[in-house]
file my_file39.cif (mmCIF, C-alpha atoms)
data_work
loop_
_atom_site.label_atom_id
_atom_site.label_comp_id
_atom_site.auth_asym_id
_atom_site.auth_seq_id
_atom_site.Cartn_x
_atom_site.Cartn_y
_atom_site.Cartn_z
CA MET A 1 25.16 -3.44 -14.36
CA SER A 2 26.43 -4.04 -17.84
CA ASN A 3 26.84 -7.25 -19.80
CA ALA A 4 30.31 -6.00 -20.83
CA HIS A 5 32.03 -6.27 -17.45
CA PRO A 6 35.66 -5.29 -16.80
CA THR A 7 38.11 -8.18 -16.59
CA ILE A 8 39.49 -8.98 -13.16
CA SER A 9 43.02 -9.44 -14.47
CA ILE A 10 43.26 -5.76 -15.48
CA LYS A 11 44.73 -3.94 -12.51
CA ILE A 12 42.34 -0.99 -12.59
CA MET A 13 40.37 -0.04 -9.52
CA VAL A 14 36.67 0.07 -10.37
CA ILE A 15 33.61 0.83 -8.23
CA ASN A 16 30.03 0.42 -9.43
CA ILE A 17 27.56 2.46 -7.33
CA SER A 18 23.79 1.99 -7.49
CA SER A 19 20.97 4.15 -6.11
CA TYR A 20 17.42 2.95 -5.52
CA PHE A 21 14.21 4.85 -6.30
CA LYS A 22 10.51 4.11 -5.95
CA LEU A 23 8.28 5.01 -8.89
CA ASN A 24 4.86 6.23 -7.75
CA ALA A 25 3.58 5.94 -11.33
CA LEU A 26 4.53 3.46 -14.00
CA PRO A 27 6.30 4.65 -17.18
CA SER A 28 4.20 4.58 -20.32
CA SER A 29 3.84 1.37 -22.31
CA ALA A 30 5.76 3.07 -25.14
CA TRP A 31 8.67 3.59 -22.76
CA LEU A 32 8.59 -0.02 -21.57
CA GLU A 33 8.65 -1.22 -25.17
CA GLN A 34 12.07 0.42 -25.54
CA THR A 35 13.54 -1.65 -22.70
CA GLU A 36 15.06 -5.11 -22.71
CA HIS A 37 13.84 -7.99 -20.60
CA LEU A 38 16.42 -8.30 -17.83
CA LEU A 39 18.72 -11.29 -18.29
CA ILE A 40 21.38 -12.22 -15.75
CA GLY A 41 24.44 -14.35 -16.20
CA HIS A 42 28.11 -14.40 -17.10
CA PRO A 43 29.28 -15.18 -19.67
CA GLU A 44 25.93 -16.58 -20.93
CA PRO A 45 22.94 -14.48 -19.78
CA SER A 46 19.78 -16.37 -18.88
CA ASP A 47 16.33 -15.59 -17.61
CA ILE A 48 15.89 -14.91 -13.89
CA PHE A 49 15.15 -18.18 -12.15
CA PHE A 50 16.14 -18.08 -8.53
CA PHE A 51 12.92 -16.85 -6.82
CA TYR A 52 10.12 -19.12 -5.63
CA LYS A 53 7.36 -19.50 -8.23
CA PRO A 54 4.71 -17.39 -6.44
CA LEU A 55 6.81 -14.30 -7.17
CA LEU A 56 6.76 -15.00 -10.89
CA ASP A 57 3.87 -17.43 -11.52
CA LEU A 58 0.99 -15.77 -13.40
CA ASN A 59 -1.49 -18.39 -12.20
CA LEU A 60 -0.93 -17.51 -8.54
CA GLY A 61 -1.14 -13.76 -8.99
CA GLY A 62 2.44 -13.13 -7.92
CA LYS A 63 3.60 -11.68 -11.21
CA SER A 64 6.83 -9.66 -11.42
CA ALA A 65 8.79 -8.19 -14.32
CA PHE A 66 12.36 -6.93 -14.65
CA TYR A 67 13.75 -4.66 -17.35
CA ARG A 68 17.15 -3.36 -18.36
CA ILE A 69 17.20 0.04 -20.01
CA SER A 70 18.17 -0.61 -23.61
CA SER A 71 20.93 1.27 -25.37
CA ASN A 72 18.51 2.77 -27.91
CA ASN A 73 16.25 4.35 -25.28
CA PRO A 74 15.72 7.99 -26.40
CA GLN A 75 15.79 9.40 -22.88
CA LYS A 76 18.97 7.49 -22.15
CA GLU A 77 20.63 8.67 -25.37
CA GLN A 78 19.70 12.25 -24.58
CA HIS A 79 21.22 11.92 -21.10
CA ARG A 80 24.38 10.37 -22.61
CA VAL A 81 24.83 13.40 -24.87
CA SER A 82 24.23 15.69 -21.92
CA ASN A 83 26.83 13.79 -19.91
CA ARG A 84 29.42 14.17 -22.67
CA LYS A 85 28.81 17.90 -22.84
CA SER A 86 29.11 18.30 -19.07
CA LYS A 87 32.31 16.23 -18.98
CA SER A 88 33.91 18.47 -21.59
CA HIS A 89 33.74 21.38 -19.15
CA LYS A 90 35.43 19.56 -16.28
CA LEU A 91 38.94 20.37 -15.19
CA PRO A 92 41.56 18.24 -16.96
CA SER A 93 43.27 17.52 -13.62
CA ARG A 94 40.35 15.32 -12.50
CA LYS A 95 41.68 11.73 -12.42
CA THR A 96 38.49 9.77 -11.76
CA GLU A 97 36.48 8.61 -14.74
CA SER A 98 32.76 7.81 -14.64
CA SER A 99 31.29 5.53 -17.27
CA GLU A 100 27.83 5.68 -18.75
CA ILE A 101 24.95 5.60 -16.28
CA LYS A 102 22.65 2.58 -16.65
CA ALA A 103 19.40 1.46 -15.03
CA ILE A 104 17.10 -1.47 -14.47
CA LEU A 105 13.43 -1.45 -13.50
CA LEU A 106 12.07 -4.01 -11.01
CA ARG A 107 8.30 -4.44 -10.94
CA PHE A 108 6.93 -6.46 -8.03
CA PHE A 109 3.37 -7.54 -7.11
CA ILE A 110 1.92 -6.65 -10.53
CA ASP A 111 -1.90 -6.56 -10.76
CA TYR A 112 -2.09 -6.27 -6.99
CA ARG A 113 -0.45 -3.38 -5.12
CA GLU A 114 2.43 -2.98 -7.52
CA ILE A 115 5.76 -1.67 -6.23
CA ASP A 116 8.19 -0.40 -8.88
CA ILE A 117 11.85 -0.01 -7.96
CA LEU A 118 14.28 1.80 -10.26
CA VAL A 119 17.98 1.00 -9.79
CA VAL A 120 20.42 3.46 -11.39
CA SER A 121 24.11 2.52 -11.56
CA GLN A 122 27.41 3.99 -12.65
CA GLU A 123 30.96 2.65 -12.71
CA ILE A 124 33.75 4.83 -11.31
CA VAL A 125 37.34 4.22 -12.35
CA GLY A 126 40.09 5.90 -10.36
CA PRO A 127 40.65 7.09 -6.78
CA VAL A 128 38.32 5.75 -4.08
CA PRO A 129 35.55 8.23 -3.11
CA ILE A 130 36.16 7.95 0.64
CA THR A 131 34.43 11.16 1.78
CA LYS A 132 30.70 11.76 1.98
CA ASP A 133 31.04 14.81 -0.28
CA ALA A 134 32.66 12.70 -2.99
CA LEU A 135 29.94 10.07 -2.73
CA ASN A 136 27.19 12.68 -2.68
CA GLN A 137 28.38 13.98 -6.04
CA HIS A 138 27.83 10.54 -7.52
CA TYR A 139 24.46 10.18 -5.79
CA GLU A 140 23.40 13.53 -7.22
CA SER A 141 24.38 12.40 -10.70
CA LEU A 142 22.35 9.20 -10.34
CA TYR A 143 19.36 11.15 -9.00
CA ASN A 144 19.43 13.59 -11.91
CA TYR A 145 19.54 10.67 -14.31
CA ALA A 146 16.54 9.05 -12.62
CA ILE A 147 14.30 12.11 -12.71
CA ASN A 148 15.16 12.77 -16.38
CA LEU A 149 14.75 9.17 -17.49
CA PHE A 150 10.96 9.11 -17.58
CA THR A 151 8.25 11.49 -18.72
CA LEU A 152 6.92 11.47 -15.17
CA PRO A 153 6.43 14.37 -12.74
CA LYS A 154 9.29 14.75 -10.31
CA GLU A 155 7.01 13.93 -7.36
CA ASP A 156 6.35 10.49 -8.86
CA ILE A 157 9.97 9.44 -8.25
CA THR A 158 10.90 8.89 -4.60
CA TYR A 159 14.58 8.70 -3.70
CA LEU A 160 14.78 5.84 -1.20
CA ARG A 161 18.26 6.86 -0.01
CA ARG A 162 19.39 3.24 -0.32
CA TYR A 163 22.59 2.30 -2.12
CA SER A 164 24.70 -0.65 -3.15
CA CYS A 165 28.00 -1.12 -4.94
CA TRP A 166 30.51 -3.65 -6.09
CA ILE A 167 34.25 -3.14 -5.94
CA ASN A 168 36.76 -5.07 -7.98
CA ALA A 169 39.64 -7.20 -6.69
CA THR A 170 42.19 -4.39 -7.04
CA PHE A 171 40.43 -2.27 -4.41
CA PRO A 172 43.00 -1.43 -1.68
CA GLN A 173 42.17 -3.59 1.33
CA GLU A 174 43.61 -1.00 3.73
CA GLN A 175 40.92 1.44 2.54
CA LEU A 176 38.02 -1.02 2.57
CA ASP A 177 36.96 -0.38 6.18
CA ASP A 178 36.96 3.39 5.72
CA PHE A 179 35.04 3.18 2.45
CA ALA A 180 32.44 0.78 3.89
CA GLU A 181 31.92 3.01 6.92
CA VAL A 182 31.32 6.11 4.79
CA PHE A 183 29.31 4.31 2.09
CA LEU A 184 27.03 2.44 4.50
CA SER A 185 27.12 5.06 7.32
CA ASP A 186 27.78 2.36 9.90
CA ARG A 187 30.93 2.17 12.07
CA THR A 188 29.84 -1.16 13.59
CA LEU A 189 30.80 -2.92 10.34
CA ARG A 190 34.51 -2.80 11.21
CA PRO A 191 36.47 -4.87 10.49
CA ILE A 192 35.26 -5.92 7.03
CA GLU A 193 35.88 -9.64 6.63
CA ASP A 194 33.27 -10.97 4.16
CA ALA A 195 32.77 -10.20 0.48
CA LEU A 196 29.10 -9.22 1.05
CA VAL A 197 28.67 -6.46 3.64
CA CYS A 198 25.15 -5.32 4.58
CA ALA A 199 23.75 -2.43 6.62
CA GLU A 200 20.48 -0.51 6.85
CA ARG A 201 21.67 1.95 4.21
CA GLY A 202 22.50 -0.76 1.66
CA PHE A 203 25.22 -3.27 0.83
CA LEU A 204 28.57 -3.63 -0.91
CA PHE A 205 30.11 -6.65 -2.56
CA GLN A 206 33.68 -7.36 -3.65
CA ILE A 207 34.16 -9.00 -7.04
CA THR A 208 36.75 -11.79 -6.79
CA ALA A 209 35.58 -14.07 -9.61
CA ALA A 210 34.06 -13.55 -13.06
CA TYR A 211 30.66 -14.97 -12.14
CA HIS A 212 30.36 -12.47 -9.26
CA TYR A 213 29.12 -9.81 -11.70
CA ALA A 214 25.99 -11.84 -12.34
CA LEU A 215 25.78 -12.67 -8.64
CA TYR A 216 25.77 -8.95 -7.79
CA GLU A 217 22.83 -8.38 -10.10
CA ARG A 218 21.00 -11.15 -8.31
CA TYR A 219 21.74 -9.33 -5.06
CA ILE A 220 20.21 -6.20 -6.59
CA LEU A 221 17.00 -8.09 -7.38
CA MET A 222 16.87 -9.55 -3.89
CA TYR A 223 17.52 -6.14 -2.36
CA GLY A 224 14.81 -4.63 -4.57
CA LEU A 225 12.39 -7.29 -3.35
CA LEU A 226 13.27 -6.48 0.26
CA LEU A 227 12.59 -2.79 -0.41
CA ALA A 228 9.27 -3.74 -2.03
CA TYR A 229 8.39 -5.82 1.04
CA GLN A 230 9.28 -2.96 3.37
CA ILE A 231 7.36 -0.37 1.34
CA SER A 232 4.28 -2.59 1.14
CA LEU A 233 4.28 -3.30 4.88
CA GLU A 234 4.74 0.40 5.68
CA ILE A 235 1.82 1.28 3.36
CA PHE A 236 -0.40 -1.22 5.19
CA ILE A 237 0.71 0.14 8.58
CA ASN A 238 -0.01 3.74 7.49
CA GLU A 239 -3.43 2.80 6.13
CA LEU A 240 -4.26 1.09 9.41
CA ALA A 241 -3.06 4.14 11.35
CA PHE A 242 -5.48 6.40 9.46
CA LEU A 243 -8.36 3.94 9.61
CA THR A 244 -10.88 5.82 11.77
CA ILE A 245 -14.31 4.92 13.11
CA GLU A 246 -15.87 6.91 10.28
CA ASN A 247 -14.39 4.61 7.60
CA ILE A 248 -14.22 1.46 9.71
CA GLY A 249 -16.38 -0.28 7.12
CA SER A 250 -13.31 -0.59 4.87
CA LEU A 251 -11.56 -2.72 7.50
CA GLU A 252 -12.71 -6.01 6.00
CA GLN A 253 -11.25 -5.09 2.60
CA LEU A 254 -7.96 -4.08 4.21
CA ARG A 255 -7.89 -7.30 6.24
CA LYS A 256 -8.39 -9.26 3.03
CA GLU A 257 -5.58 -7.42 1.25
CA CYS A 258 -3.18 -7.96 4.17
CA ALA A 259 -3.98 -11.68 4.16
CA GLU A 260 -3.53 -11.92 0.38
CA PHE A 261 -0.19 -10.14 0.54
CA ASN A 262 1.13 -12.49 3.22
CA ALA A 263 -0.20 -15.59 1.46
CA ILE A 264 0.84 -14.80 -2.13
CA PHE A 265 3.88 -12.55 -1.91
CA TYR A 266 5.61 -12.45 1.44
CA PHE A 267 8.27 -15.08 2.13
CA THR A 268 10.98 -14.84 4.76
CA ASN A 269 13.23 -16.68 2.31
CA PRO A 270 11.92 -16.61 -1.28
CA VAL A 271 15.11 -18.10 -2.76
CA LYS A 272 14.81 -21.62 -4.12
CA PRO A 273 16.47 -24.23 -1.89
CA GLY A 274 18.72 -25.32 -4.77
CA ASN A 275 20.41 -21.92 -4.89
CA SER A 276 22.55 -22.59 -1.85
CA ASN A 277 24.89 -19.64 -2.50
CA LEU A 278 21.97 -17.19 -2.54
CA ARG A 279 20.03 -18.24 0.55
CA PRO A 280 22.73 -17.11 3.06
CA SER A 281 23.09 -13.88 1.09
CA TRP A 282 19.33 -13.29 1.30
CA ASN A 283 19.49 -13.73 5.07
CA LYS A 284 22.35 -11.21 5.29
CA LEU A 285 20.57 -8.68 3.09
CA MET A 286 17.33 -9.12 5.02
CA ARG A 287 18.77 -8.76 8.52
CA PRO A 288 18.96 -4.93 8.63
CA PHE A 289 15.37 -4.57 7.39
CA ASN A 290 13.78 -5.95 10.60
CA MET A 291 11.03 -7.39 8.44
CA ASP A 292 9.73 -9.57 11.27
CA THR A 293 9.26 -6.45 13.40
CA LEU A 294 7.35 -4.69 10.61
CA THR A 295 5.17 -7.73 10.01
CA ALA A 296 4.45 -8.11 13.73
CA GLU A 297 3.61 -4.39 13.94
CA MET A 298 1.23 -4.66 10.99
CA MET A 299 -0.51 -7.74 12.42
CA GLY A 300 -0.65 -6.21 15.92
CA GLN A 301 -2.08 -2.98 14.55
CA LEU A 302 -4.57 -4.93 12.45
CA GLU A 303 -5.65 -6.88 15.54
CA ALA A 304 -6.02 -3.66 17.55
CA ILE A 305 -8.12 -2.06 14.80
CA THR A 306 -10.19 -5.25 14.61
CA GLN A 307 -10.81 -5.06 18.38
CA ILE A 308 -11.90 -1.43 18.04
CA TYR A 309 -14.17 -2.46 15.18
CA ARG A 310 -15.70 -5.23 17.28
CA ILE A 311 -16.19 -2.90 20.26
CA GLU A 312 -17.80 -0.35 17.96
CA GLN A 313 -20.03 -3.04 16.46
CA GLU A 314 -21.08 -4.16 19.94
CA ARG A 315 -21.77 -0.57 20.99
CA ASN A 316 -23.85 0.02 17.86
CA HIS A 317 -25.67 -3.26 18.46
CA ARG A 318 -26.57 -2.28 22.02
CA ALA A 319 -27.66 1.17 20.83
CA ARG A 320 -29.90 -0.42 18.19
CA GLU A 321 -31.37 -2.74 20.82
CA ARG A 322 -32.14 0.24 23.08
CA ILE A 323 -33.78 2.10 20.22
CA GLU A 324 -35.80 -0.97 19.22
CA GLU A 325 -36.90 -1.48 22.86
CA GLN A 326 -37.98 2.16 23.13
CA GLU A 327 -39.89 1.88 19.86
CA ARG A 328 -41.59 -1.30 21.07
CA LEU A 329 -42.65 0.32 24.36
CA GLN A 330 -43.94 3.36 22.48
CA ARG A 331 -45.97 1.14 20.16
CA GLU A 332 -47.49 -0.61 23.18
CA LEU A 333 -48.39 2.74 24.78
CA ASP A 334 -49.92 3.98 21.52
CA THR A 335 -51.95 0.78 21.19
CA LYS A 336 -53.27 1.07 24.78
CA GLU A 337 -54.13 4.75 24.29
CA HIS A 338 -55.93 3.93 21.08
CA GLU A 339 -57.94 1.18 22.80
CA ARG A 340 -58.88 3.51 25.69
CA ALA A 341 -60.07 6.23 23.27
CA LYS A 342 -62.06 3.70 21.30
CA GLN A 343 -63.71 2.37 24.48
CA LYS A 344 -64.64 5.90 25.60
CA ARG A 345 -66.30 6.64 22.25
CA GLN A 346 -68.27 3.40 22.48
CA GLU A 347 -69.43 4.22 26.01
CA ARG A 348 -70.60 7.69 24.96
CA PHE A 349 -72.44 6.21 21.99
CA ASN A 350 -74.20 3.65 24.19
CA PHE A 351 -75.18 6.36 26.69
CA TRP A 352 -76.78 8.64 24.11
CA LEU A 353 -78.41 5.70 22.39
CA SER A 354 -80.08 4.80 25.70
CA VAL A 355 -81.24 8.39 26.16
CA VAL A 356 -82.73 8.48 22.69
CA GLY A 357 -84.46 5.16 23.30
CA ILE A 358 -85.99 6.47 26.52
CA LEU A 359 -87.19 9.66 24.80
CA LEU A 360 -88.74 7.79 21.89
CA THR A 361 -90.57 5.51 24.30
CA ALA A 362 -91.91 8.51 26.18
CA LEU A 363 -93.04 10.24 23.03
CA THR A 364 -95.20 7.31 21.97
CA VAL A 365 -97.67 8.21 24.72
CA ILE A 366 -97.66 11.90 23.78
CA GLU A 367 -100.13 13.02 21.15
CA ILE A 368 -98.51 15.17 18.48
CA LYS A 369 -100.62 17.42 16.31
CA PRO A 370 -100.03 17.60 12.54
CA SER A 371 -99.13 21.30 12.87
CA ASP A 372 -96.32 20.42 15.32
CA LEU A 373 -94.91 17.49 13.30
CA MET A 374 -92.45 19.57 11.25
CA GLN A 375 -91.05 21.28 14.31
CA PHE A 376 -90.81 17.92 16.07
CA LEU A 377 -88.77 16.42 13.22
CA GLN A 378 -86.42 19.41 13.03
CA GLU A 379 -85.71 19.32 16.76
CA TRP A 380 -84.99 15.59 16.74
CA GLY A 381 -82.84 15.93 13.63
CA GLN A 382 -80.79 18.59 15.38
CA LEU A 383 -80.56 16.35 18.44
CA PHE A 384 -79.13 13.44 16.41
CA THR A 385 -76.71 15.75 14.61
CA ASN A 386 -75.30 16.99 17.91
CA LEU A 387 -75.17 13.43 19.19
CA LEU A 388 -73.11 12.29 16.17
CA GLN A 389 -70.77 15.26 16.52
CA ASN A 390 -70.16 14.47 20.20
CA LEU A 391 -69.43 10.83 19.38
CA GLY A 392 -66.98 11.84 16.63
#
call {"tool": "encode", "arguments": {"input": "my_file39.cif", "output": "structure tokens"}}
result
Amino acid sequence: MSNAHPTISIKIMVINISSYFKLNALPSSAWLEQTEHLLIGHPEPSDIFFFYKPLLDLNLGGKSAFYRISSNNPQKEQHRVSNRKSKSHKLPSRKTESSEIKAILLRFFIDYREIDILVVSQEIVGPVPITKDALNQHYESLYNYAINLFTLPKEDITYLRRYSCWINATFPQEQLDDFAEVFLSDRTLRPIEDALVCAERGFLFQITAAYHYALYERYILMYGLLLAYQISLEIFINELAFLTIENIGSLEQLRKECAEFNAIFYFTNPVKPGNSNLRPSWNKLMRPFNMDTLTAEMMGQLEAITQIYRIEQERNHRARERIEEQERLQRELDTKEHERAKQKRQERFNFWLSVVGILLTALTVIEIKPSDLMQFLQEWGQLFTNLLQNLG
């Protein structure tokens, strides 16, 4: 993915292989400052323009950013020196020649659930790497470059095991089918008839005109977007799978995020209608991803979780109603018991009051001597004390 592309007229067989990685953490701002804003075009580079506005428009929240690793990047320079040292120890009989490894960084869905895709590429000049072992050597080289490029822990770089490549016009056509089968791990591709060949593992593209170099980089951006779509949908599906009754309260937030993703970011064809040469290519690149199946699975799973949530809400509602009914009945029983106790106390009070009234009436006809008055008062005082205690 270099601005200085080889010329088609030179009869040298060249293959440019790219590997794709997901960054689970973003490089530091200092690292990003050492990159160049990615420009695409041949021979005059220009800003990226072929996506629908929601993918790039800051006002709609669909912000994306694309970077090319600059030539003065310290990590890149260090890797270049390391590469030169390692090449000096190789056997002189080796005929293939690998050029400098380069990379671009694709940032999608910024300020939302950002997905960062790193694409590492290297041109190979010489014999075609037909065997898996030969290709794996190149993949290993690209992987080592990726993990040494950033000051990030190794676990923050996920190898997606997705690949793409372009081949120049001098590539032997009799070897194209074999190479495509090994590179894309798909025998059903035979025979190869079109310039753009796509499979689940990735895609390859044959350069037959000068502007195809820029077109290939556009394919890389579209393929990166498809990977970002797939990763995002799989993250939603996994979150829904682990959404249990205990944390069901977070369902509404997840429902909102799913709806925002579909409304702001997800398009089955995000290429502008005017780019007629890119829209069919997008459809070809998208076909192996089964994005419709993933989207349907996410929406179906979301609906199932929503049904569980509603059933749980209904069950909780009925349980609350039963508890409230039991509490209401208990309050009624307590009120009746309180009224019965109060009535019994009043009846006892009225009874003893009647007794006292009868006794006082009787005593009015009894003559009491002064010497017996104190004893009389003490006995009646004790009587009233006992009466009050019984009523209490």
call {"tool": "closest_residue", "arguments": {"input": "my_file39.cif", "among": "A:Ala209, A:Val271, A:Met298, A:Ile48", "to": "Ile235 in chain A", "atoms": "all atoms listed in the file"}}
result
A:Met298
call {"tool": "resolve_selection", "arguments": {"input": "my_file39.cif", "expression": "the PyMOL selection byres ((chain A and resi 215) around 12)", "output": "PyMOL selection string"}}
result
chain A and resi 1+40-43+45+48+50+166+195-196+205-214+216-222+275+277-278+281-282
call {"tool": "closest_atom_pairs", "arguments": {"input": "my_file39.cif", "of": "range 149-175 of chain A", "to": "range 100-121 of chain A", "cutoff": "12 Å", "atoms": "all atoms listed in the file", "output": "Markdown table"}}
result
| residue | atom | partner | partner_atom | distance |
| --- | --- | --- | --- | --- |
| A:Leu149 | CA | A:Ala103 | CA | 9.3 |
| A:Phe150 | CA | A:Leu118 | CA | 10.9 |
| A:Asp156 | CA | A:Asp116 | CA | 11.0 |
| A:Ile157 | CA | A:Leu118 | CA | 9.0 |
| A:Thr158 | CA | A:Ile117 | CA | 9.6 |
| A:Tyr159 | CA | A:Leu118 | CA | 9.5 |
| A:Leu160 | CA | A:Ile117 | CA | 9.4 |
| A:Arg161 | CA | A:Val119 | CA | 11.4 |
| A:Arg162 | CA | A:Val119 | CA | 9.8 |
| A:Tyr163 | CA | A:Val119 | CA | 9.0 |
| A:Ser164 | CA | A:Ser121 | CA | 9.0 |
| A:Cys165 | CA | A:Ser121 | CA | 8.5 |
| A:Trp166 | CA | A:Ser121 | CA | 10.4 |
call {"tool": "atom_distance", "arguments": {"input": "my_file39.cif", "atom1": "CA of Ser19 in chain A", "atom2": "CA of Tyr139 in chain A"}}
result
7.0 Å
call {"tool": "atom_distance", "arguments": {"input": "my_file39.cif", "atom1": "CA of Gln175 in chain A", "atom2": "CA of Tyr143 in chain A"}}
result
26.3 Å
call {"tool": "resolve_selection", "arguments": {"input": "my_file39.cif", "expression": "the PyMOL selection byres ((chain A and resi 176) around 10)", "output": "list in words"}}
result
Val128, Ile130, Ile167, Phe171, Pro172, Gln173, Glu174, Gln175, Asp177, Asp178, Phe179, Ala180, Glu181, Arg190, Pro191, Ile192, Glu193 and Gln206 of chain A
call {"tool": "residues_near_point", "arguments": {"input": "my_file39.cif", "point": "(12.4, -9.5, -15.4)", "cutoff": "7 Å", "atoms": "only C-alpha atoms", "output": "MDAnalysis selection string"}}
result
chainID A and resid 37:38 48 64:67
call {"tool": "resolve_selection", "arguments": {"input": "my_file39.cif", "expression": "the PyMOL selection byres ((chain A and resi 170) around 7)", "output": "list in words"}}
result
Lys11, Ile12, Met13, Asn168, Ala169, Phe171 and Pro172 of chain A
call {"tool": "atom_distance", "arguments": {"input": "my_file39.cif", "atom1": "CA of Val125 in chain A", "atom2": "CA of Tyr145 in chain A"}}
result
19.0 Å
call {"tool": "residues_around", "arguments": {"input": "my_file39.cif", "residues": "Asn269 in chain A", "least_positions_apart": "2", "cutoff": "12 Å", "atoms": "all atoms listed in the file", "output": "list in words"}}
result
Phe50, Phe51, Tyr52, Leu55, Met222, Leu225, Leu226, Tyr229, Phe265, Tyr266, Phe267, Val271, Lys272, Pro273, Asn275, Ser276, Leu278, Arg279, Pro280, Ser281, Trp282, Asn283, Lys284, Leu285, Met286, Arg287, Met291 and Asp292 of chain A
call {"tool": "closest_residue", "arguments": {"input": "my_file39.cif", "among": "A:Leu152, A:Ile305, A:Leu383, A:Ile147", "to": "Ser250 in chain A", "atoms": "all atoms listed in the file"}}
result
A:Ile305
call {"tool": "build_atoms", "arguments": {"input": "my_file39.cif", "residues": "range 222-237 of chain A", "atoms": "N, CA and C atoms", "output": "mmCIF file, in the frame of the given file"}}
result
data_model
loop_
_atom_site.group_PDB
_atom_site.id
_atom_site.type_symbol
_atom_site.label_atom_id
_atom_site.label_comp_id
_atom_site.auth_asym_id
_atom_site.auth_seq_id
_atom_site.Cartn_x
_atom_site.Cartn_y
_atom_site.Cartn_z
ATOM 1 N N MET A 222 17.299 -9.177 -5.226
ATOM 2 C CA MET A 222 16.870 -9.550 -3.890
ATOM 3 C C MET A 222 16.695 -8.312 -3.007
ATOM 4 N N TYR A 223 17.618 -7.365 -3.148
ATOM 5 C CA TYR A 223 17.520 -6.140 -2.360
ATOM 6 C C TYR A 223 16.295 -5.328 -2.786
ATOM 7 N N GLY A 224 16.022 -5.308 -4.097
ATOM 8 C CA GLY A 224 14.810 -4.630 -4.570
ATOM 9 C C GLY A 224 13.549 -5.265 -4.020
ATOM 10 N N LEU A 225 13.538 -6.606 -3.931
ATOM 11 C CA LEU A 225 12.390 -7.290 -3.350
ATOM 12 C C LEU A 225 12.228 -6.934 -1.876
ATOM 13 N N LEU A 226 13.333 -6.871 -1.146
ATOM 14 C CA LEU A 226 13.270 -6.480 0.260
ATOM 15 C C LEU A 226 12.715 -5.069 0.414
ATOM 16 N N LEU A 227 13.140 -4.152 -0.449
ATOM 17 C CA LEU A 227 12.590 -2.790 -0.410
ATOM 18 C C LEU A 227 11.097 -2.807 -0.716
ATOM 19 N N ALA A 228 10.693 -3.640 -1.690
ATOM 20 C CA ALA A 228 9.270 -3.740 -2.030
ATOM 21 C C ALA A 228 8.474 -4.293 -0.856
ATOM 22 N N TYR A 229 9.032 -5.308 -0.165
ATOM 23 C CA TYR A 229 8.390 -5.820 1.040
ATOM 24 C C TYR A 229 8.224 -4.708 2.074
ATOM 25 N N GLN A 230 9.320 -4.005 2.346
ATOM 26 C CA GLN A 230 9.280 -2.960 3.370
ATOM 27 C C GLN A 230 8.281 -1.864 3.014
ATOM 28 N N ILE A 231 8.289 -1.423 1.766
ATOM 29 C CA ILE A 231 7.360 -0.370 1.340
ATOM 30 C C ILE A 231 5.922 -0.836 1.479
ATOM 31 N N SER A 232 5.644 -2.069 1.060
ATOM 32 C CA SER A 232 4.280 -2.590 1.140
ATOM 33 C C SER A 232 3.804 -2.671 2.589
ATOM 34 N N LEU A 233 4.657 -3.192 3.469
ATOM 35 C CA LEU A 233 4.280 -3.300 4.880
ATOM 36 C C LEU A 233 4.060 -1.918 5.486
ATOM 37 N N GLU A 234 4.905 -0.957 5.150
ATOM 38 C CA GLU A 234 4.740 0.400 5.680
ATOM 39 C C GLU A 234 3.457 1.034 5.164
ATOM 40 N N ILE A 235 3.089 0.754 3.910
ATOM 41 C CA ILE A 235 1.820 1.280 3.360
ATOM 42 C C ILE A 235 0.645 0.701 4.140
ATOM 43 N N PHE A 236 0.678 -0.611 4.397
ATOM 44 C CA PHE A 236 -0.400 -1.220 5.190
ATOM 45 C C PHE A 236 -0.466 -0.600 6.577
ATOM 46 N N ILE A 237 0.681 -0.421 7.220
ATOM 47 C CA ILE A 237 0.710 0.140 8.580
ATOM 48 C C ILE A 237 0.138 1.558 8.575
#
